[in-house]
file input_7.cif (mmCIF, C-alpha atoms)
data_final
loop_
_atom_site.label_atom_id
_atom_site.label_comp_id
_atom_site.auth_asym_id
_atom_site.auth_seq_id
_atom_site.Cartn_x
_atom_site.Cartn_y
_atom_site.Cartn_z
CA MET A 1259 18.28 -3.99 13.68
CA ILE A 1260 14.60 -3.61 12.97
CA THR A 1261 13.16 -6.44 10.90
CA ILE A 1262 9.75 -6.96 9.37
CA THR A 1263 8.73 -9.01 12.45
CA HIS A 1264 8.97 -5.90 14.64
CA TYR A 1265 6.49 -4.04 12.46
CA THR A 1266 4.10 -6.99 12.20
CA ILE A 1267 4.16 -7.49 15.99
CA LEU A 1268 3.37 -3.79 16.47
CA SER A 1269 0.54 -4.20 13.99
CA ALA A 1270 -0.78 -7.30 15.81
CA LEU A 1271 -0.78 -5.46 19.15
CA LEU A 1272 -2.59 -2.46 17.65
CA PHE A 1273 -5.09 -4.84 16.03
CA SER A 1274 -5.92 -6.56 19.33
CA ILE A 1275 -6.26 -3.23 21.13
CA GLY A 1276 -8.77 -2.28 18.41
CA ILE A 1277 -10.66 -5.55 18.93
CA TYR A 1278 -10.79 -4.84 22.69
CA GLY A 1279 -12.27 -1.42 21.93
CA VAL A 1280 -14.86 -2.80 19.52
CA ILE A 1281 -16.08 -5.35 22.08
CA THR A 1282 -16.10 -3.11 25.17
CA ARG A 1283 -17.50 0.13 23.78
CA LYS A 1284 -21.24 0.50 23.77
CA ASN A 1285 -21.19 3.96 22.23
CA ALA A 1286 -21.45 3.55 18.44
CA ILE A 1287 -18.96 6.38 17.81
CA GLY A 1288 -16.48 4.59 20.10
CA ILE A 1289 -16.89 1.42 18.05
CA LEU A 1290 -16.14 3.37 14.84
CA ILE A 1291 -13.02 4.88 16.46
CA SER A 1292 -11.80 1.41 17.44
CA ILE A 1293 -12.40 0.22 13.87
CA GLU A 1294 -10.10 3.03 12.69
CA LEU A 1295 -7.40 1.55 14.96
CA ILE A 1296 -7.84 -1.83 13.26
CA PHE A 1297 -7.56 -0.22 9.80
CA ASN A 1298 -4.31 1.45 10.86
CA ALA A 1299 -2.90 -1.87 12.09
CA VAL A 1300 -3.58 -3.34 8.65
CA ASN A 1301 -1.98 -0.33 6.98
CA ILE A 1302 1.22 -0.72 9.03
CA ASN A 1303 1.34 -4.36 7.90
CA MET A 1304 0.87 -3.44 4.24
CA VAL A 1305 3.52 -0.72 4.22
CA ALA A 1306 6.01 -2.88 6.14
CA VAL A 1307 5.61 -5.73 3.66
CA SER A 1308 6.02 -3.33 0.77
CA ARG A 1309 9.19 -1.93 2.38
CA TYR A 1310 10.83 -5.31 2.86
CA LEU A 1311 9.93 -6.77 -0.54
CA PRO A 1312 11.97 -6.12 -3.71
CA GLN A 1313 11.90 -2.39 -4.02
CA THR A 1314 10.42 -1.87 -7.47
CA GLU A 1315 7.10 -3.44 -6.48
CA ILE A 1316 5.35 -1.28 -3.93
CA TYR A 1317 1.98 -3.01 -4.13
CA GLY A 1318 1.66 -2.77 -0.36
CA GLN A 1319 1.67 1.02 -0.47
CA VAL A 1320 -0.90 0.98 -3.32
CA PHE A 1321 -3.14 -1.24 -1.19
CA ALA A 1322 -2.67 1.08 1.77
CA VAL A 1323 -3.86 4.03 -0.35
CA PHE A 1324 -7.03 2.12 -1.24
CA ILE A 1325 -7.55 1.03 2.38
CA ILE A 1326 -7.33 4.66 3.52
CA ALA A 1327 -9.89 5.72 0.89
CA VAL A 1328 -12.32 2.93 1.79
CA ALA A 1329 -11.86 3.63 5.51
CA ALA A 1330 -12.74 7.29 4.94
CA ALA A 1331 -15.90 6.30 3.05
CA GLU A 1332 -16.82 3.78 5.77
CA SER A 1333 -16.32 6.35 8.50
CA VAL A 1334 -18.47 8.94 6.69
CA ILE A 1335 -21.35 6.50 6.18
CA GLY A 1336 -21.14 5.14 9.72
CA LEU A 1337 -21.16 8.58 11.31
CA ALA A 1338 -24.06 9.65 9.07
CA ILE A 1339 -26.09 6.62 10.19
CA ILE A 1340 -25.29 7.33 13.86
CA LEU A 1341 -26.34 10.94 13.42
CA ALA A 1342 -29.59 9.95 11.68
CA ILE A 1343 -30.46 7.48 14.46
CA TYR A 1344 -29.61 10.10 17.09
CA ASN A 1345 -31.80 12.68 15.36
CA SER A 1346 -34.82 10.42 15.26
CA ARG A 1347 -34.43 8.33 18.42
CA LYS A 1348 -31.94 10.20 20.68
CA LYS A 1349 -29.79 7.13 21.15
CA VAL A 1350 -26.08 6.58 20.57
CA ASN A 1351 -25.49 3.26 22.32
CA ALA A 1352 -25.24 0.33 19.99
CA ASP A 1353 -27.18 -2.05 22.25
CA GLU A 1354 -30.15 0.31 22.38
CA MET A 1355 -30.47 0.49 18.60
CA ASP A 1356 -32.44 -2.73 18.49
CA ILE A 1357 -35.31 -1.67 16.26
CA MET A 1358 -34.36 -1.40 12.60
CA LYS A 1359 -37.75 -0.17 11.36
CA PHE A 1360 -38.74 3.23 12.63
CA MET B 127 20.77 2.05 15.89
CA VAL B 128 18.96 5.30 15.22
CA GLU B 129 16.28 3.30 13.43
CA SER B 130 15.77 1.05 16.46
CA LEU B 131 15.53 4.03 18.80
CA LEU B 132 12.98 5.77 16.56
CA PHE B 133 11.00 2.56 16.02
CA TYR B 134 10.72 1.72 19.70
CA SER B 135 9.78 5.25 20.73
CA PHE B 136 7.11 5.57 18.02
CA ALA B 137 5.79 2.07 18.70
CA SER B 138 5.42 2.71 22.42
CA PHE B 139 3.77 6.06 21.65
CA ILE B 140 1.28 4.34 19.32
CA LEU B 141 0.46 1.55 21.76
CA ILE B 142 0.05 3.85 24.76
CA SER B 143 -2.24 6.25 22.92
CA ALA B 144 -4.19 3.31 21.45
CA ILE B 145 -4.77 1.94 24.95
CA PHE B 146 -5.93 5.40 26.06
CA THR B 147 -8.18 5.51 22.97
CA VAL B 148 -10.05 2.37 23.97
CA THR B 149 -10.20 3.12 27.69
CA ALA B 150 -10.83 6.89 27.88
CA LYS B 151 -14.02 7.71 29.78
CA ASN B 152 -15.13 10.66 27.69
CA ILE B 153 -15.74 9.89 24.02
CA PHE B 154 -14.34 13.31 23.05
CA HIS B 155 -10.99 12.48 24.70
CA CYS B 156 -11.16 9.15 22.93
CA ALA B 157 -11.28 10.97 19.55
CA LEU B 158 -8.31 13.14 20.55
CA TYR B 159 -6.27 10.09 21.59
CA LEU B 160 -7.17 8.57 18.21
CA ALA B 161 -5.58 11.62 16.55
CA SER B 162 -2.35 11.11 18.47
CA THR B 163 -2.32 7.39 17.58
CA LEU B 164 -2.70 8.31 13.91
CA PHE B 165 0.22 10.76 14.20
CA GLY B 166 2.34 7.90 15.53
CA VAL B 167 1.30 5.69 12.61
CA ALA B 168 2.27 8.50 10.20
CA ALA B 169 5.70 8.60 11.86
CA ILE B 170 6.01 4.82 11.37
CA PHE B 171 5.14 5.34 7.68
CA ILE B 172 7.98 7.85 7.36
CA LEU B 173 10.29 5.32 9.01
CA LEU B 174 9.17 2.83 6.33
CA ASN B 175 10.00 5.28 3.48
CA ALA B 176 6.31 5.82 2.66
CA TYR B 177 6.34 9.61 2.65
CA PHE B 178 3.26 10.00 0.48
CA LEU B 179 1.27 7.70 2.73
CA ALA B 180 2.39 9.64 5.80
CA ALA B 181 1.10 12.85 4.21
CA VAL B 182 -2.15 11.13 3.22
CA GLN B 183 -2.48 9.77 6.75
CA VAL B 184 -2.18 13.23 8.28
CA LEU B 185 -4.43 14.89 5.68
CA ILE B 186 -7.23 12.34 5.44
CA TYR B 187 -7.24 10.60 8.81
CA ILE B 188 -6.36 13.44 11.15
CA GLY B 189 -7.66 16.24 8.94
CA ALA B 190 -10.92 14.65 7.88
CA VAL B 191 -11.90 11.51 9.79
CA VAL B 192 -10.99 12.69 13.29
CA VAL B 193 -12.51 16.13 12.70
CA LEU B 194 -15.69 14.49 11.39
CA THR B 195 -15.81 12.22 14.46
CA ILE B 196 -15.44 15.23 16.74
CA PHE B 197 -18.26 16.98 14.85
CA VAL B 198 -20.56 14.01 15.38
CA VAL B 199 -19.53 13.76 19.07
CA ASN B 200 -20.47 17.39 19.50
CA LEU B 201 -23.74 16.97 17.63
CA THR B 202 -24.86 14.11 19.88
CA LYS B 203 -25.18 16.17 23.03
CA GLU B 204 -25.76 13.47 25.60
CA ILE B 205 -22.11 12.45 25.47
CA THR B 206 -20.60 15.88 25.89
CA GLY B 207 -23.00 16.98 28.61
CA GLU B 208 -22.05 17.52 32.24
CA LYS B 209 -21.61 13.88 33.07
CA PRO B 210 -19.94 11.98 30.25
CA VAL B 211 -21.92 8.80 29.89
CA PHE B 212 -19.48 5.95 29.49
CA VAL B 213 -21.03 2.56 29.22
CA ARG B 214 -18.57 -0.28 29.05
CA GLY B 215 -19.49 -3.92 28.94
CA ASN B 216 -17.97 -7.31 28.29
CA VAL B 217 -14.55 -6.35 29.66
CA LEU B 218 -13.47 -9.89 30.56
CA PRO B 219 -14.52 -11.52 27.24
CA ALA B 220 -12.92 -8.63 25.38
CA LEU B 221 -9.67 -9.06 27.29
CA ILE B 222 -9.65 -12.80 26.60
CA VAL B 223 -10.42 -12.39 22.89
CA SER B 224 -7.88 -9.65 22.26
CA ALA B 225 -5.14 -11.36 24.30
CA LEU B 226 -5.74 -14.62 22.45
CA THR B 227 -5.66 -12.85 19.08
CA ALA B 228 -2.42 -11.07 19.91
CA THR B 229 -0.80 -14.25 21.29
CA LEU B 230 -1.77 -16.35 18.27
CA ILE B 231 -0.60 -13.79 15.70
CA ILE B 232 2.67 -13.10 17.53
CA LEU B 233 3.40 -16.82 18.02
CA ALA B 234 2.78 -17.42 14.32
CA LEU B 235 5.00 -14.46 13.41
CA VAL B 236 7.86 -15.53 15.66
CA LYS B 237 7.79 -19.11 14.42
CA THR B 238 7.75 -18.08 10.77
CA THR B 239 11.10 -18.36 9.05
CA GLY B 240 11.99 -15.46 6.83
CA GLY B 241 10.80 -12.89 9.32
CA GLN B 242 14.38 -11.78 9.79
CA ILE B 243 14.60 -10.17 6.36
CA LEU B 244 16.47 -6.90 6.57
CA ALA B 245 15.61 -4.10 4.22
CA LYS B 246 17.91 -3.46 1.33
CA GLU B 247 20.55 -0.85 1.89
CA THR B 248 18.98 1.78 -0.39
CA LEU B 249 17.44 3.69 2.48
CA ALA B 250 15.57 6.96 2.22
CA VAL B 251 14.36 6.49 -1.33
CA ASP B 252 11.21 8.36 -2.23
CA PHE B 253 8.68 5.96 -3.70
CA THR B 254 6.06 8.60 -4.51
CA ARG B 255 6.90 8.59 -8.22
CA VAL B 256 6.65 4.78 -8.39
CA LEU B 257 3.40 4.89 -6.42
CA GLY B 258 1.86 7.40 -8.84
CA LYS B 259 2.92 5.35 -11.84
CA GLN B 260 1.46 2.20 -10.31
CA LEU B 261 -1.81 3.93 -9.47
CA LEU B 262 -2.26 5.19 -13.02
CA SER B 263 -1.07 2.07 -14.87
CA ASN B 264 -1.59 -1.26 -13.12
CA PHE B 265 -4.26 -0.13 -10.68
CA VAL B 266 -6.11 2.44 -12.77
CA LEU B 267 -9.40 0.51 -12.67
CA ALA B 268 -9.35 0.22 -8.88
CA PHE B 269 -8.36 3.90 -8.69
CA GLU B 270 -11.42 4.97 -10.69
CA VAL B 271 -13.71 2.61 -8.75
CA VAL B 272 -12.47 4.16 -5.48
CA SER B 273 -13.31 7.63 -6.77
CA VAL B 274 -16.84 6.45 -7.63
CA LEU B 275 -17.05 4.88 -4.15
CA LEU B 276 -16.10 8.18 -2.51
CA LEU B 277 -18.72 10.02 -4.57
CA ALA B 278 -21.33 7.43 -3.58
CA ALA B 279 -20.36 7.79 0.09
CA LEU B 280 -20.69 11.57 -0.17
CA ILE B 281 -24.18 11.38 -1.71
CA ALA B 282 -25.25 8.65 0.72
CA ALA B 283 -24.14 10.67 3.75
CA ILE B 284 -26.11 13.70 2.58
CA THR B 285 -29.16 11.56 1.84
CA ILE B 286 -29.08 9.72 5.18
CA VAL B 287 -28.66 12.80 7.35
CA SER B 288 -30.98 15.20 5.51
CA LYS B 289 -34.50 15.45 6.85
CA ASP B 290 -37.15 13.65 4.90
CA PRO B 291 -39.70 16.29 3.76
CA GLU B 292 -42.52 13.75 4.08
CA ASP B 293 -42.00 13.52 7.84
CA LYS B 294 -42.99 17.08 8.54
CA LYS B 295 -46.51 16.74 7.18
#
call {"tool": "encode", "arguments": {"input": "input_7.cif", "output": "structure tokens"}}
result
Amino acid sequence: MITITHYTILSALLFSIGIYGVITRKNAIGILISIELIFNAVNINMVAVSRYLPQTEIYGQVFAVFIIAVAAAESVIGLAIILAIYNSRKKVNADEMDIMKF
Amino acid sequence: MVESLLFYSFASFILISAIFTVTAKNIFHCALYLASTLFGVAAIFILLNAYFLAAVQVLIYIGAVVVLTIFVVNLTKEITGEKPVFVRGNVLPALIVSALTATLIILALVKTTGGQILAKETLAVDFTRVLGKQLLSNFVLAFEVVSVLLLAALIAAITIVSKDPEDKK
């Protein structure tokens, strides 16, 4: 039988894969993609907790809705910044973006 | 039994595509693997009776975020050129950090009592109605703030990317 521990372990594994991606990628778009993996790990946690709690309170799902909205906003802003830096400096690697004033 | 089978197949699908997402050489393939990971997460949401969230996951994440990422990948030409430039660093520290994180969280989870809670028997209940009521009663302030946040993100993205007219002079 599947318990809440199964879902949280899946979420922990997805979270650490996302951390691996954030540390190894040098491409800024790759870092954003790995951050999306981390957001999804958190969402699995939230929905699993909401499923296994008393059923009239689905606060976990409400939180997941807000997390998805904030993640979409974060992704839009991040990609816009990457595109602006690429347009002015032709660079997409995060370790080359070392000058903030240009 | 069926639940276990579905859970293990979706979980392995998610983990395998997530590993491909962080190790794919071409950043475009990386975005496509992200889409398949998100599909797996949507399937897990359906398994958890969160049908509305599964639909939102497919619509917003796969329909908007992944498509936007692919747009930006295509607009930054150096990545999609003949030789996909894949720079990867810090592999050993990253492996250590992520393995430690996973081990610590899983150890804490396994040692926690109360992790063996089984879901109540009322399976396959649609919580969309409850979710809508919660969003418009208890969480209405956060709901409106999120809509303002999305509007701000929209305006900010347009402002950041648009060319500054002063630069051309």
call {"tool": "interface_residues", "arguments": {"input": "input_7.cif", "of": "chain A", "to": "chain B", "cutoff": "8 Å", "atoms": "only C-alpha atoms", "output": "ChimeraX atom specification"}}
result
/A:1259-1263,1266-1268,1270-1279,1281-1285,1287-1288,1291-1292,1295,1298,1302,1305-1306,1309-1311,1314,1316,1319-1320,1322-1324,1326-1328,1330-1335,1337-1339,1341-1342,1344,1350
call {"tool": "atom_distance", "arguments": {"input": "input_7.cif", "atom1": "atom CA of Ile1343 of chain A", "atom2": "atom CA of Ser162 of chain B"}}
result
28.6 Å
call {"tool": "atom_distance", "arguments": {"input": "input_7.cif", "atom1": "atom CA of Met1355 of chain A", "atom2": "atom CA of Asn200 of chain B"}}
result
19.7 Å
call {"tool": "atom_distance", "arguments": {"input": "input_7.cif", "atom1": "atom CA of Ser1308 of chain A", "atom2": "atom CA of Phe1321 of chain A"}}
result
9.6 Å
call {"tool": "closest_residue", "arguments": {"input": "input_7.cif", "among": "A:Glu1294, A:Glu1315, A:Asn1351, A:Ala1329", "to": "Ala161 of chain B", "atoms": "only C-alpha atoms"}}
result
A:Glu1294
call {"tool": "closest_residue", "arguments": {"input": "input_7.cif", "among": "B:Leu158, B:Ala169, B:Val266, B:Val193", "to": "Phe136 of chain B", "atoms": "only C-alpha atoms"}}
result
B:Ala169
call {"tool": "residues_around", "arguments": {"input": "input_7.cif", "residues": "Met1304 of chain A", "least_positions_apart": "3", "cutoff": "6 Å", "atoms": "all atoms listed in the file", "output": "list of chain:residue names"}}
result
A:Asn1301, A:Val1307, A:Gly1318
call {"tool": "axis_aligned_box", "arguments": {"input": "input_7.cif", "around": "segment 147-163 of chain B", "padding_each_side": "6 Å", "output": "AutoDock Vina command-line options"}}
result
--center_x -9.0 --center_y 7.8 --center_z 23.2 --size_x 25.4 --size_y 22.9 --size_z 25.2
